[in-house]
Protein chains: 4
Amino acid sequence: MNSFGQRFRFTTFGESHGVALGVIVDGVPAGIKIDLDFIQSEMDRRKPGKSEVETGRKESDTIQILSGVFENEAGDLVSTGTSIAMVLFNENQRSKDYSNVKDLFRPGHADFTYFNKYGIRDYRGGGRSSARETSARVAAGAIAKLLLKELDIEVQSGLLEIGGIKSENLDFNYAKEQKNILFTLDKNKYNEQLQAVQKAKESHDSIGGVVLVKALNVPIGLGEPMYHKLDGEIASIMMGLNAVKAVEIGDGCEASKSTGSKNNDQITSKGFSTNHSGGILGGISNGDDIVVKVYFKPTPSIFVEQQTINTNNEDIKYKLQGRHDPCVAIRGSVVCESQLAIVLADMVLLNTTSKIENIKKIYKQ
Amino acid sequence: MNSFGQRFRFTTFGESHGVALGVIVDGVPAGIKIDLDFIQSEMDRRKPGKSEVETGRKESDTIQILSGVFENEAGDLVSTGTSIAMVLFNENQRSKDYSNVKDLFRPGHADFTYFNKYGIRDYRGGGRSSARETSARVAAGAIAKLLLKELDIEVQSGLLEIGGIKSENLDFNYAKEQKNILFTLDKNKYNEQLQAVQKAKESHDSIGGVVLVKALNVPIGLGEPMYHKLDGEIASIMMGLNAVKAVEIGDGCEASKSTGSKNNDQITSKGFSTNHSGGILGGISNGDDIVVKVYFKPTPSIFVEQQTINTNNEDIKYKLQGRHDPCVAIRGSVVCESQLAIVLADMVLLNTTSKIENIKKIYKQ
Amino acid sequence: MNSFGQRFRFTTFGESHGVALGVIVDGVPAGIKIDLDFIQSEMDRRKPGKSEVETGRKESDTIQILSGVFENEAGDLVSTGTSIAMVLFNENQRSKDYSNVKDLFRPGHADFTYFNKYGIRDYRGGGRSSARETSARVAAGAIAKLLLKELDIEVQSGLLEIGGIKSENLDFNYAKEQKNILFTLDKNKYNEQLQAVQKAKESHDSIGGVVLVKALNVPIGLGEPMYHKLDGEIASIMMGLNAVKAVEIGDGCEASKSTGSKNNDQITSKGFSTNHSGGILGGISNGDDIVVKVYFKPTPSIFVEQQTINTNNEDIKYKLQGRHDPCVAIRGSVVCESQLAIVLADMVLLNTTSKIENIKKIYKQ
Amino acid sequence: MNSFGQRFRFTTFGESHGVALGVIVDGVPAGIKIDLDFIQSEMDRRKPGKSEVETGRKESDTIQILSGVFENEAGDLVSTGTSIAMVLFNENQRSKDYSNVKDLFRPGHADFTYFNKYGIRDYRGGGRSSARETSARVAAGAIAKLLLKELDIEVQSGLLEIGGIKSENLDFNYAKEQKNILFTLDKNKYNEQLQAVQKAKESHDSIGGVVLVKALNVPIGLGEPMYHKLDGEIASIMMGLNAVKAVEIGDGCEASKSTGSKNNDQITSKGFSTNHSGGILGGISNGDDIVVKVYFKPTPSIFVEQQTINTNNEDIKYKLQGRHDPCVAIRGSVVCESQLAIVLADMVLLNTTSKIENIKKIYKQ
């Protein structure tokens, strides 16, 4: 159950303060150029400690490839079709910091449920349930992006909303700019959103946010009905991310307040006239941009007194100490982008066998 | 890709106007009482034509069990541990009605994407992409409910919102009353919501709605991190339903506008003091009620002129005729309820092996 | 666990004397011609009661397709890419015959293990564990063969050995002749083998046999290392057939007595000089014929007195009555052939994504 | 496709001369004692270079656990229920040795099929197709054995036959003795078998062999019909091992020459009177010992001149140099044992949900 995907399939391991985290990516077609710098740059986009709005934990998050790649005749590093393992050793473990949470359950965290489900838990920084696990997802996502790149499919992301303050003029290029530490989509809202984060941080509290993810140049036909539809798989992987509580496709919740005559995207010989559907009809991509919104709750780690119980089921008061992101949606942006890339990569592979004529192209030429 | 679930796993087939629809449910433990009347009553809750707010298509939706059940010593029909097949023959096929949509793509429907993905489609009533497919899901859901009943887990549903009109005093018993043709949760909003549906119908249009689903008496520990979390699986199956465009767990989107100090559910020795989380922490049930909101877009089938293309990519004007639900969310309610039951049944089975002490209870006693 | 295959995936249901048996085949590419007569002819090859060497149970084994096919523009019935369900209603149920085995476990059968595993069993003719289940496999195999036919891949089978009497001059065409009720591969051994079956039948006993299966014109590259290798999957599906106790690829057991210098197939620019490997190297097809041998134990149903226990664990003597194949390997031949077709169909689909250049052929042309 | 198992599921990576090999084991119940010394001792049993009958390649095969284990209250290292990753860094890479095989296909190896399937291959020592991959399987098998140990299930193995010389007085304890470098089951045949290996080695050739594997104290009920039967899964994993060409359960091939009256194991109130079935009926364990025979072809790496082609499809003569096991079956013994442990561990977990009464034991006590 630590695997996701059908044909492009990744399996992860690792705890927040264990020896290492990592991922095996299976099903990668042979012959894809493996750009190590690109993979590391993706890790760097997610890694903690890049700015004041992120946790102070320092990790280089240096990724190492252990298998599945080889130099081709031209001297390029390419995938060989075998499983690609990548590993990330934890550097900044500071396990001692966590002895104070050993016997209690932090509100809003998975401490309570892991302990009850398994009877034991690695309490250091949440162990397996830590958002640090998303580093392995980003590594897998980097491979997915290299696959999508071969087909000119592109994935983008940015912050649509921070603490209830909404981006309005959306600019995905702005979200990518290095000095935009919020990855926000609207430069006019940057200051206001930043102040909201700073305010939360100063009051030892946290705030939520919303990430917008888009995919461009997506072929028609991606998505496998009935139970591996494109929207279903996107919802699955996004909702499974730490702190995510809602997922929308296209107009999402707003569509439920609309009428058919307004919500139906009219079809023309040059494409769809609108994109309320978010590029998906019947669970299959329609060639328009894929549009997904992902809602993050406020970071559960806050530094005000909270009420909880210990492992003996005794009521206690508790005040957390440590280093935490005041708004997890910010670093969540690149993670969501990676997850969409992974779903699309899987769907690209699955869709190759939708028609017998496709299969004949491969075997009978 | 027509299967869902890991241990409680169902696989479906069937088109809207084909010979039959059906489902194989695999992984059902032996010894569960199979109440045929209950299964049929679930089918009846979903079947079309029960009231003015539903499509006029008449189907008895009589379910037949073909395998996997047998009389035990006591004379009760029980599951035998082998795969349970159920089938539903289509009665009201009227295939001729559909010759006019043979060569065009209805806006908001999956006609365009199926045709492009597969190169051929059963155009009669949407074929496989018709919401009639949900009858097979409800049959599987009925088996799931019989399993959950053995463990006293209950699932409930109702309409939270219709055409933007929100239920406020929520009463799941009211939603179940037979004369409540909307399955709405708020008797005070019934008339207003009904008028909204009637108005949409009269103007040959349609409206959206929101379904609320709850599970009660859920054991702590259901959900398999990382990629088969309870919330991830719920999101997957709900988003894959026809017309669904957003899924929320607990406070959902609202949580993204909140702060950690407000959103964290405090833990006491008697349970959680609030349930913003919707009963799920770290993807695992925490013992509180599971709360899910499912957002349906307006029915794409409307009877006003629309713009579309035909299979030769020529622009045309088109006006649909036929029989359709003005608000698919209404009949969607029981479907969502079934889907939650299916996910919980699967998680109940998966969670049995979370600890070695559980396994010893079975093999070493 | 009633499903097999990754991309070409079938799921079955049904008991020997229940209402019906059937199968859902998922992952069939759209556009394959569905020849109903061919599918029925495959069922007919397997159905019981065709000759004196087969059980007297009479079943027409009429197969009905419920979904997944549609007429294309040219008027041909083709697959649509959705799940194909096929069903076979039991005609000759005679449930009463089985009341005498209700409370005991027939030696060599699965009665004992099913009862202990599930706590209940459908005792009529073995219920789910009956070889009648292979009818659903043959139906799925017929679809697989239609897929393989589009790529000119052919599968053949016949009896290599009956009761220890070995076929020597192998002729797959002879095995297909209708008057060859043994499906034996050697016309010179027909009489001797027939006498062995007759002798077993007359002495109320049974005998074993060996089936040889071959695939011709197989593309290089089928098989997914490490754990879905071509030979591993063949072994899995064949060993799972009723009464099968051993599976060999190529020279099989004999290879273990050989030396590397004799057993290695030398490679030439025109192909392999020998085929000790059975067409598989490293779990991947090498372009040579796939050669598989499948070993069936004698039918456990015999009509001499045997020692067993009843469901109260009391020792009893027992003598079976009824109708049974004296040598299950005979009708096992077409079943093995179907199973090889299924594995190859799955591997054909899986292998489409082995290289990025294949994928570009589909998306970038 | 680099994963095996349903609930106890492992996924591997790594090439013979790459950076590292390893495995992620998923689905391990929490609370199992993780004995690091035992895991390493299993690796040591398989590692090369222990004696004159093994390849000269020197590797310490030191295994490192990266995740999924934690100290419990008692100070014991136990599984936590999260994925367990283990890694093995390659020490003795000597990549240069392999430049001479870069452009040709070694007969009997997977060079030809990998190259054709993927268009590129890591040619160093066979890359992914090297038997070195089995080190990751043994690591996973060690975890499986720790799980089985909690239930008192034991797995044993040894050499039944080497170069056609058969062990007759079988003694599994003898097979485990460290000075028995053949792991043979018959001390009286040791010298004869050793001479056969030495002779093959001296003549620069290789020989085949047969491994016998047994499981003791297996509960009744393991195995999931129809397509994940115990025998089917055993056949799948064993046939997928390097150099294996046949798999038998119980009497295997011999059963096909027998009669029902001889081959049926009679059932008594004290158990089965014989074990021709190898402990499996209908694909489910019957409580008797599980008996499996695995047939290995001679090592394809031999040091005599062979005929092959290069990557330009030109005929060439070729003589291999290097270090190789003269009989791969010898080190195959512990690998087969590990694989049986893995299948049993998976089946133990799967079988927990066979009956609703088992499930109630976990949730309703």
# chains A, B, ... in the order shown; residues from 1 in each chain; ligands from 1
call {"tool": "residues_around", "arguments": {"residues": "stretch 123-127 of chain C", "least_positions_apart": "2", "cutoff": "7 Å", "atoms": "only C-alpha atoms", "output": "list in words"}}
result
Glu15, Ser16, His17, Ser95, Tyr98, Val101, Lys102, Asp111, Arg121, Ser129 and Ser130 of chain C
call {"tool": "interface_residues", "arguments": {"of": "chain C", "to": "chain A", "cutoff": "9 Å", "atoms": "only C-alpha atoms", "output": "JSON, numbers by chain"}}
result
{"C": [6, 7, 27, 28, 29, 30, 31, 32, 80, 81, 82, 147, 150, 151, 219, 225, 226, 348, 349, 350, 352, 353, 354, 355, 356, 357, 358, 359, 360, 361, 362, 363, 364]}
call {"tool": "select_by_dssp", "arguments": {"residues": "stretch 33-185 of chain B", "states": "alpha helix (DSSP H)", "output": "ChimeraX atom specification"}}
result
/B:36-46,111-118,134-150,172-176
call {"tool": "residues_around", "arguments": {"residues": "C:Ser3", "least_positions_apart": "4", "cutoff": "10 Å", "atoms": "only C-alpha atoms", "output": "ChimeraX atom specification"}}
result
/B:3,11,26,83 /C:9-13,23-26 /D:225-228
call {"tool": "write_last_selection", "arguments": {"atoms": "C-alpha atoms", "output": "compact mmCIF listing (two decimals), in the first residue's frame"}}
result
# COMPACT_ATOMS: atom_id res chain seq x y z
CA SER B 3 -12.23 -2.90 -10.90
CA THR B 11 -15.50 -5.39 -11.22
CA ASP B 26 -14.51 -10.50 -4.95
CA SER B 83 -16.84 -14.36 -6.10
CA ARG C 9 -7.33 -9.03 -17.17
CA PHE C 10 -10.17 -11.46 -16.61
CA THR C 11 -12.33 -12.02 -13.54
CA THR C 12 -14.54 -15.08 -13.17
CA PHE C 13 -17.44 -16.33 -11.10
CA VAL C 23 -16.22 -13.91 -16.89
CA ILE C 24 -15.50 -10.22 -17.32
CA VAL C 25 -12.58 -9.51 -19.62
CA ASP C 26 -11.07 -6.11 -19.02
CA PRO D 225 -8.60 -19.44 -5.52
CA MET D 226 -8.88 -19.00 -8.43
CA TYR D 227 -5.86 -17.13 -9.69
CA HIS D 228 -3.76 -16.71 -6.59
call {"tool": "residues_around", "arguments": {"residues": "D:Leu21", "least_positions_apart": "4", "cutoff": "7 Å", "atoms": "only C-alpha atoms", "output": "count of residues only"}}
result
7
